[in-house]
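Trainee: Before I ask anything, here is the structure I am working with.
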Amino acid sequence: MANPKCVALIAHDQKKDDMAAFAQANETVFAGWKIVATGTTGGRVQEACPSLNVIRLKSGPLGGDQQIGAMIATGDVHMLIFFIDPLSAMPHDVDVKALTRLATVYDIPMALNRATAEQLIDFNHP
Ligand SMILES: O=C(CO)COP(=O)(O)O
C-alpha cells in the first residue's frame with residue numbers, strides 16, 4: 001500500500017473536548033491516515049481513539065506548532081485540522097500565525113473549526 005496521507009490535529013485548550021469528540025466520531029476515517037498532533041492534543045486524541053496510532057510532537061507553546069509547520073514545508077503533512085480558540089490570548093500566537101500561514105503558502109486543506117473539518121474529511125477519504 002502507498003504511504004497514507006498525513007493529517008495534523010491540533011486544538012487549543014478550550015477546544016480539546018471538541019477535538020476528542022470529533023476524532024472519536026471519525027475514528028474509522030482517520031484509520032486510513034497517518035496522524036500527527038501537538039503533544040497535549042495528541043494525548044487526548046489517543047485516549048479517545050485507542051485504535052489509532054497518534055504521533056505526538058511537542059506541545060504547541062513549546063514548538064509543536066512549528067514542528068507541524070516544518071512538516072508542511074517538507075511535504076510531510078497534507079491536511080491541517082486545527083480547532084483554534086479565538087477568545088483567548090496565546091503566548092505563542094506568533095507560532096499559530098506562522099503555522100496557518102504555511103498551510104496557506106503550501107495550499108494544503110486547512111480547517112480551523114469543527115464545521116469545516118467535518119466537510120473536509122467528507123471530501124478527503126484517502
Ligand atoms: O497550543 C497548541 C496549538 O497552538 C496546542 O498544543 P497542545 O496540543 O500541546 O496543547
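Labels for the C-alpha cells follow display order: chains A, B, ..., residues from 1 in each chain, ligands from 1.
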Which neighbours of segment 60-65 of chain A fall inside 9 Å, counting only C-alpha atoms, when residues of the same chain fewer than 6 positions from it are skipped, and could you give them as an NGL selection string?
Mentor: :A and (10 or 12 or 37-41 or 90-93 or 95-96 or 98-99)
Trainee: Store the residues picked out above in a file with N, CA and C atoms, as a PDB file, in the first residue's frame.
Mentor:
ATOM      1  N   ILE A  10      -4.684  19.514  15.843  1.00  0.00           N
ATOM      2  CA  ILE A  10      -4.289  20.443  16.912  1.00  0.00           C
ATOM      3  C   ILE A  10      -5.550  21.091  17.467  1.00  0.00           C
ATOM      4  N   HIS A  12      -6.653  24.073  20.605  1.00  0.00           N
ATOM      5  CA  HIS A  12      -6.358  24.881  21.791  1.00  0.00           C
ATOM      6  C   HIS A  12      -7.144  24.338  22.987  1.00  0.00           C
ATOM      7  N   ALA A  37       0.152  15.109  15.814  1.00  0.00           N
ATOM      8  CA  ALA A  37      -0.579  16.070  16.651  1.00  0.00           C
ATOM      9  C   ALA A  37       0.403  16.757  17.595  1.00  0.00           C
ATOM     10  N   THR A  38       0.024  17.936  18.033  1.00  0.00           N
ATOM     11  CA  THR A  38       0.794  18.559  19.110  1.00  0.00           C
ATOM     12  C   THR A  38       0.581  17.746  20.385  1.00  0.00           C
ATOM     13  N   GLY A  39       1.502  17.914  21.338  1.00  0.00           N
ATOM     14  CA  GLY A  39       1.582  16.998  22.471  1.00  0.00           C
ATOM     15  C   GLY A  39       0.303  16.737  23.244  1.00  0.00           C
ATOM     16  N   THR A  40      -0.312  17.787  23.762  1.00  0.00           N
ATOM     17  CA  THR A  40      -1.478  17.574  24.617  1.00  0.00           C
ATOM     18  C   THR A  40      -2.688  17.134  23.799  1.00  0.00           C
ATOM     19  N   THR A  41      -2.867  17.753  22.657  1.00  0.00           N
ATOM     20  CA  THR A  41      -3.958  17.340  21.766  1.00  0.00           C
ATOM     21  C   THR A  41      -3.801  15.869  21.400  1.00  0.00           C
ATOM     22  N   MET A  90      -2.908  33.940  23.446  1.00  0.00           N
ATOM     23  CA  MET A  90      -1.949  32.827  23.484  1.00  0.00           C
ATOM     24  C   MET A  90      -0.525  33.384  23.550  1.00  0.00           C
ATOM     25  N   PRO A  91       0.293  32.843  24.447  1.00  0.00           N
ATOM     26  CA  PRO A  91       1.688  33.311  24.484  1.00  0.00           C
ATOM     27  C   PRO A  91       2.427  32.980  23.194  1.00  0.00           C
ATOM     28  N   HIS A  92       1.963  31.935  22.488  1.00  0.00           N
ATOM     29  CA  HIS A  92       2.642  31.521  21.253  1.00  0.00           C
ATOM     30  C   HIS A  92       1.815  31.878  20.018  1.00  0.00           C
ATOM     31  N   ASP A  93       1.137  32.999  20.095  1.00  0.00           N
ATOM     32  CA  ASP A  93       0.295  33.430  18.977  1.00  0.00           C
ATOM     33  C   ASP A  93       1.081  33.530  17.661  1.00  0.00           C
ATOM     34  N   ASP A  95       3.453  31.648  16.702  1.00  0.00           N
ATOM     35  CA  ASP A  95       3.635  30.292  16.149  1.00  0.00           C
ATOM     36  C   ASP A  95       2.354  29.829  15.441  1.00  0.00           C
ATOM     37  N   VAL A  96       1.209  30.174  16.056  1.00  0.00           N
ATOM     38  CA  VAL A  96      -0.078  29.811  15.466  1.00  0.00           C
ATOM     39  C   VAL A  96      -0.217  30.482  14.104  1.00  0.00           C
ATOM     40  N   ALA A  98       2.198  31.581  12.195  1.00  0.00           N
ATOM     41  CA  ALA A  98       3.186  31.018  11.261  1.00  0.00           C
ATOM     42  C   ALA A  98       2.683  29.698  10.690  1.00  0.00           C
ATOM     43  N   LEU A  99       2.050  28.903  11.524  1.00  0.00           N
ATOM     44  CA  LEU A  99       1.544  27.607  11.056  1.00  0.00           C
ATOM     45  C   LEU A  99       0.420  27.779  10.035  1.00  0.00           C
TER      46      LEU A  99
END
Trainee: I'd like to know which residues of chain A are alpha helix (DSSP H) (by DSSP, run on the backbone); could you write them as a PyMOL selection string?
Mentor: chain A and resi 16-25+27-30+39-48+64-73+93-105+114-123
Trainee: To one decimal in Å, tell me the separation between atom CA of Thr74 of chain A and atom CA of Ala48 of chain A.
Mentor: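 Between atom CA of Thr74 of chain A and atom CA of Ala48 of chain A the gap works out to 29.1 Å.
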Trainee: May I ask which of the residues A:Pro109, A:Gly69, A:Gly42, A:Pro86 is the closest one to ligand 1, counting only C-alpha atoms and all ligand atoms?
Mentor: A:Gly42
Trainee: Would you pick out the contacts of Lys15 of chain A at 8 Å or less, using only C-alpha atoms, so that residues sharing its chain but fewer than 3 positions from it are not included, and give the list as a VMD selection string?
Mentor: chain A and resid 11 to 12 18 to 19 83 to 85
Trainee: Write out the residues from the selection above, keeping C-alpha atoms, as an mmCIF file, in the first residue's frame.
Mentor:
data_model
loop_
_atom_site.group_PDB
_atom_site.id
_atom_site.type_symbol
_atom_site.label_atom_id
_atom_site.label_comp_id
_atom_site.auth_asym_id
_atom_site.auth_seq_id
_atom_site.Cartn_x
_atom_site.Cartn_y
_atom_site.Cartn_z
ATOM 1 C CA ALA A 11 -6.702 22.021 19.365
ATOM 2 C CA HIS A 12 -6.358 24.881 21.791
ATOM 3 C CA ASP A 18 -14.407 19.084 20.878
ATOM 4 C CA MET A 19 -11.351 17.642 19.120
ATOM 5 C CA PHE A 83 -9.533 23.870 16.355
ATOM 6 C CA ILE A 84 -8.478 27.342 17.371
ATOM 7 C CA ASP A 85 -9.772 29.338 20.331
#
Trainee: Just want the 12 Å neighbourhood of segment 25-34 of chain A, counted on only C-alpha atoms, with same-chain residues fewer than 2 positions away dropped. Output as a short mmCIF file (atom, residue, chain, number, x, y, z; two decimals) with C-alpha atoms, in the first residue's frame.
Mentor:
data_model
loop_
_atom_site.label_atom_id
_atom_site.label_comp_id
_atom_site.auth_asym_id
_atom_site.auth_seq_id
_atom_site.Cartn_x
_atom_site.Cartn_y
_atom_site.Cartn_z
CA MET A 1 0.00 0.00 0.00
CA ALA A 2 1.22 3.52 -0.76
CA ASN A 3 2.16 5.70 2.19
CA PRO A 4 -1.01 7.08 3.76
CA LYS A 5 -1.65 10.78 3.64
CA CYS A 6 -0.81 12.63 6.83
CA VAL A 7 -3.23 14.81 8.77
CA ALA A 8 -2.14 17.11 11.61
CA LEU A 9 -4.58 17.51 14.51
CA ASP A 18 -14.41 19.08 20.88
CA MET A 19 -11.35 17.64 19.12
CA ALA A 20 -11.51 14.41 21.14
CA ALA A 21 -15.21 14.02 20.27
CA PHE A 22 -14.56 14.85 16.62
CA ALA A 23 -11.72 12.32 16.37
CA VAL A 36 0.48 13.73 13.85
CA ALA A 37 -0.58 16.07 16.65
CA VAL A 45 -6.99 12.04 20.70
CA GLN A 46 -5.06 8.88 21.52
CA GLU A 47 -7.10 8.40 24.69
CA ALA A 48 -10.37 8.90 22.78
CA CYS A 49 -9.31 6.67 19.88
CA PRO A 50 -7.24 3.72 21.16
CA SER A 51 -7.28 2.07 17.71
CA LEU A 52 -5.31 4.94 16.15
CA ASN A 53 -1.56 5.48 16.23
CA VAL A 54 -1.15 9.17 17.02
CA ILE A 55 2.36 10.57 16.61
CA ARG A 56 2.77 13.19 19.30
CA ASP A 76 5.03 15.53 5.04
CA VAL A 77 1.69 16.91 6.26
CA HIS A 78 -1.14 17.04 3.74
CA MET A 79 -4.07 18.37 5.76
CA ILE A 81 -7.27 20.35 11.31
CA ARG A 114 -15.26 21.71 13.55
CA ALA A 117 -13.31 19.86 9.48
CA GLU A 118 -16.41 17.71 9.04
CA GLN A 119 -16.71 18.88 5.45
CA LEU A 120 -13.01 18.39 4.76
CA ILE A 121 -12.86 14.80 5.85
CA ASP A 122 -16.01 14.01 3.86
CA PHE A 123 -14.12 15.13 0.76
CA ASN A 124 -10.76 13.66 1.66
CA HIS A 125 -11.07 9.99 2.29
CA PRO A 126 -7.70 8.66 1.17
#
